[in-house]
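Below is one structure, written out as structure tokens; comments come after it.
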Amino acid sequence: MVSLLWLIPALPLAGFLLLLLLGKRIGEPFAGWIGTATVAGSFVTALVVFAGLWNEPEHTYSLKLFEWMPAGKFSVDIGFLLDPLSMAMILFITGIAALIHLYSIGYMHGDSRFPRFFTYLNLFVFSMLMLVMGDNLVLTFLGWEGVGACSYFLISFWFEKDANASAGKKAFITNRVGDWGFMVGTFATFFAFGTVKYVEFLPKASGLAQTTATFIVLMLFIGAMGKSAQIPLFIWLPDAMAGPTPVSALIHAATMVTAGVYLMVRVNPIIAASASWLPWVIAGIGVATAFLAATIAIAQTDIKKVLAYSTVSQLGYMFLAVGVGGYSAAIFHMITHAFFKACMFLGSGSVIHGMDDEQDMRRMGALRKVMPITAITFIIGWLAIAGVPPFSGFWSKDDILAYALHKSVVLYVIGLITALLTAFYMSRQVFMVFFGKANWGESHEAELANKIAHETSTVDGDTAADADSHDDAHAGHGAHAGHGVHPHESPRTMTIPLIVLAFFAAIAGALNLPFTEKLEFLNRWLEPVVGATQTQLHLSGSQLAIELVTSSVIALLGIAIAYGVYLKHKVDARRIELPLFANGWYIDSTITNFMGGLGRKGFELIAMFDKVVIDGAVNGVARATRGGAMRLRTVQSGYVRWYALMIGVGAVVVVAFVLSQVSFS
Amino acid sequence: MSPNLPLAYLALSAILFAIGGVGLLVRRNPLVMIMCVELMLNAVNLTFVTFGKMLDDISGQVIVFFVMVVAAAEVVIGLALIVAMARRRPEANADDLRLLRG
Amino acid sequence: METAVFIVCALIVLAGAIGVVMSRNPVHAALSLVATLFGIAVLFLNLGAQLLAVVQVIVYTGAIVVLILFVLMLLGVDEDEDLDAEPIVGQRILAVLVGLLLAGAVLAVIILGKDAAVTGAHSATEAISPSIANIVQIGRQLFTTYVFPLELTAGLLTIAVVGAVVLSRRPKDLQPIPEPESMTELGDDPLTTIPEEAAH
């Protein structure tokens, strides 16, 4: 059963090829159904393989398909490594991807490039599977770049709008910075071990010089920072929301952005061998990202931007977990996050769909009455991310915080504050969208427009964010909301994935309950991969109880504050939504200013060098070739017999040379 | 069999090969050029068989089969090209093909 | 006896070869070719390659030369070729020189090297046995050592057949191409005219 492994990536690949060649002819909606079927097929295969994996020693199995790049002693194979870590990744990737494919059939209905969308989605799933299943760093890198490329295609899927196209470019370029780190890390790994195969170099990690190990991890961490949107490379992720919402859910929340966390967990033996300050760096960047992104999320008005910053923040939690040695906690949070964030993204997509492409939360409100299923599922996701027991996010976040406390109180406190902020901004979103009074429809339109106009004149820079949200308008659905919006519940292809995801967002905490060892399924399952390096936590009953209660109180406190501000209006919201937060701590504009000013000068210098020295050399070679060719072309008379004669002359020369080398004795 | 007889075969095929080559280079009728190529191929065949005899190996004769297959394919394609060419321009010879020069 | 057969056949082969190259009329050239091929068939017999001798007669003289003759008749291009004029400067002299040098070099190797001119492992695949029929030995080698090349020849022949059909099919819009004016320009002394052309 385990040997069916190759089928898991093969199915999406087959779907991709089929849609690539025949997508236009198949058309809507069958292209969508084909895409969904292939991914669902690979999910079923993954389940079968999972069942088979129980019988393998150490739950590990590897399959080598063929040798990809043989070069002397160095060789890279197309081979798959199936171990508890990659199995967990495969299961949730294929499962969530299948649901999101299904959802997209409804969401992308009427889009002129409907089949192309599924072509990209299938290619994405294939690349993501190569990333997690590859048995060496190079194959992982192949998947890494594949998901990056798909992300680029899909962010700028509606490339008619300039903003979407440049968001795609921004994501791609920012990721390249990280990819550089990944590549250098791969080279360093090969340099240190002579191989890039996980099963060959990971066991040898403990014998590595500390500096080398530190360097490798640092470089790979830069790669992870790019892909998983950590400070300072997180700027691309909020802009990536320009893509269709299912893409945001699948790529920019549930799967691709967690690749960095996966990579870090994968190389955990090297982290263990590196300098002791390195985990601090990882944990520090993780917790800083979590906090910063959470503050930004407070002041966003675009329904998807809130979720985007929340994703960045949750990824920060995962890196915090990696930094403090809680690898299984990182994976646990990754899985629960995938469920609730995908659920909420799809829910927001459903709202946007129902509101005729309106993304500004100030124009929403009271939607729970017209979109009951969306509202209920979204609320479950909200409770999960806010950390309300017994929903999944509570357990996974608390797991991370427990590890953080074990390492340092500072990390724990910042983590707790971030949890408070998380509960607050998510509640704010839910209250603005689903509760309160309806801000849509004709009567509210004029009043609200005034209010927004007033705000934009006072709050500098908000205009940009506002304009962005309008640019995201759905190409297939026509224009801006305008007058007479009639929110409606979405079709069944969209609500079914919502219900399934909400169900898992509610119960996924059961994967790893902290009460007894027996209930920690995920911990025990990941034991063969991370067991040796994972920080061992032995919490007494009272410690555990205190932590759980603290987390619950924090979550409820956050919700209560949001309730006071946004439903009871006890405090003016504008006193909390600082311009500093709304503008993302001015990080984007600082980078733009640098690139436009000082940075530009440097680039111009480099461009000058390129023009004079490199182009000069290239053109010189070309000119010399051309001159020589002008003279030589007279030999090309066009007579076949003349050419044949030249062959004969050549033969004579060769024979003469050979004869001159021979001695007849 | 005189001891030097195999060498005489080799000498004969060398001369035959050279004659075929010269014919290929001086004749302009494409059909005759194909015949000259056949001469050269036959010279090679004769060499192979002689080598096979000198080294006491049957492979020398087996290879000739493959040469014959290639020769047959070559003649078929060559004649098809000649027919296609002659349809357009019945009196053309090999030198006129230089008009195809880019 | 063997030597006598060789001498006779060698003369026929060479005479036929010279006939192919020197005949003005392509039909005569084809008939000379038949003589050469027959001579080689007898030489094959002389060398103990009975099967090849038969195949030589059937395939070469029976099929290939007949095919060439058919094309000659079909196209009606059997008028004499003008062998006195040579449009390419130096082509003929160089061609003869190349031929002489090639033949001379190989002959030098044979004469100077004697038997040492032929190197290689003896009986690397299968020794020629007087007791086993020639055809059996060849067949056995074809289907064991050379089975992959043998399979490939099937593909080659298929491609050749398809190619021939495609190439010689009469296109719907077939029209003789009018003689371009440049033809006469280019015809006479091409190697000297080319530098001018390069200026275009």
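By order in the structure tokens, chains are A, B, ...; within a chain, residues start at 1; ligands start at 1, following the order shown.
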
Quick one: contact table of stretch 44-95 of chain B to stretch 32-44 of chain C, 10 Å max, nearest atom pair and distance in Å to one decimal per residue, counting only C-alpha atoms, chain and number order, as JSON lines?
```
{"residue": "B:Asn45", "atom": "CA", "partner": "C:Ile40", "partner_atom": "CA", "distance": 9.2}
{"residue": "B:Leu46", "atom": "CA", "partner": "C:Ile40", "partner_atom": "CA", "distance": 7.3}
{"residue": "B:Val49", "atom": "CA", "partner": "C:Phe44", "partner_atom": "CA", "distance": 7.4}
{"residue": "B:Thr50", "atom": "CA", "partner": "C:Phe44", "partner_atom": "CA", "distance": 8.8}
{"residue": "B:Gln61", "atom": "CA", "partner": "C:Phe44", "partner_atom": "CA", "distance": 9.6}
```

Point to revise | Distance query A:Ile296 at most 6 Å, only C-alpha atoms, self and fewer than 6 positions along chain excluded, as an MDAnalysis selection string | key: chainID A and resid 581:582 584

**Study point:** Shell of 10 Å around C:Leu167, only C-alpha atoms, local chain residues under 2 positions omitted, as a PyMOL selection string
**Key:** (chain B and resi 77-85) or (chain C and resi 161-165+169-171)

Check your understanding: What lies within 8 Å of B:Thr47 using only C-alpha atoms, ignoring chain neighbours under 3 positions off, as a list in words?
Key -> Tyr9, Leu10, Ser13, Ala43, Val44, Thr50 and Phe51 of chain B

Exercise for review: Please return, as a PyMOL selection string, all residues of chain A lying within 10 Å of chain B when only C-alpha atoms are considered.
Suggested key: chain A and resi 636-646+648

Practice item. Please identify all polymer residues within 8 Å of A:Leu383, counting only C-alpha atoms, omitting same-chain residues fewer than 5 positions from it, and present them as a list of chain:residue names. Key: A:Val388, A:Phe391, A:Gly393

Got time to write the residues from that selection, N, CA and C atoms, as a compact mmCIF listing (two decimals), in the first residue's frame?
```txt
# COMPACT_ATOMS: atom_id res chain seq x y z
N VAL A 388 -10.39 30.12 21.88
CA VAL A 388 -11.44 29.81 22.85
C VAL A 388 -11.54 28.29 22.98
N PHE A 391 -12.03 24.81 21.02
CA PHE A 391 -11.72 24.79 19.59
C PHE A 391 -10.23 24.57 19.35
N GLY A 393 -7.66 25.92 17.76
CA GLY A 393 -6.60 26.91 17.91
C GLY A 393 -6.16 27.06 19.35
```

Practice item. Choose the residue, out of B:Ala8, B:Ala14, B:Leu41, B:Cys36, that has the smallest atom-to-atom separation from B:Phe66; count only C-alpha atoms. Key: B:Leu41

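Using only C-alpha atoms, the contacts of stretch 659-662 of chain A at a cut-off of 8 Å, with sequence neighbours closer than 2 positions omitted, comprise A:Val655, A:Ala656, A:Phe657, A:Phe664, C:Ala105, C:Val109.
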
Write to file, as a compact mmCIF listing (two decimals), in the first residue's frame, the residues of the selection just made, with N, CA and C atoms.
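Contents of result10.txt, freshly written:
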```txt
# COMPACT_ATOMS: atom_id res chain seq x y z
N VAL A 655 42.91 11.23 -42.19
CA VAL A 655 43.68 10.02 -42.49
C VAL A 655 45.18 10.34 -42.48
N ALA A 656 45.52 11.49 -43.04
CA ALA A 656 46.94 11.87 -43.06
C ALA A 656 47.47 12.02 -41.66
N PHE A 657 46.66 12.63 -40.79
CA PHE A 657 47.10 12.80 -39.41
C PHE A 657 47.32 11.45 -38.74
N PHE A 664 55.36 2.06 -38.89
CA PHE A 664 55.34 0.71 -39.44
C PHE A 664 56.69 0.07 -39.20
N ALA C 105 46.29 6.50 -49.29
CA ALA C 105 46.55 6.36 -47.86
C ALA C 105 46.19 4.96 -47.38
N VAL C 109 48.65 1.92 -46.02
CA VAL C 109 48.51 1.17 -44.77
C VAL C 109 48.55 -0.32 -45.04
```
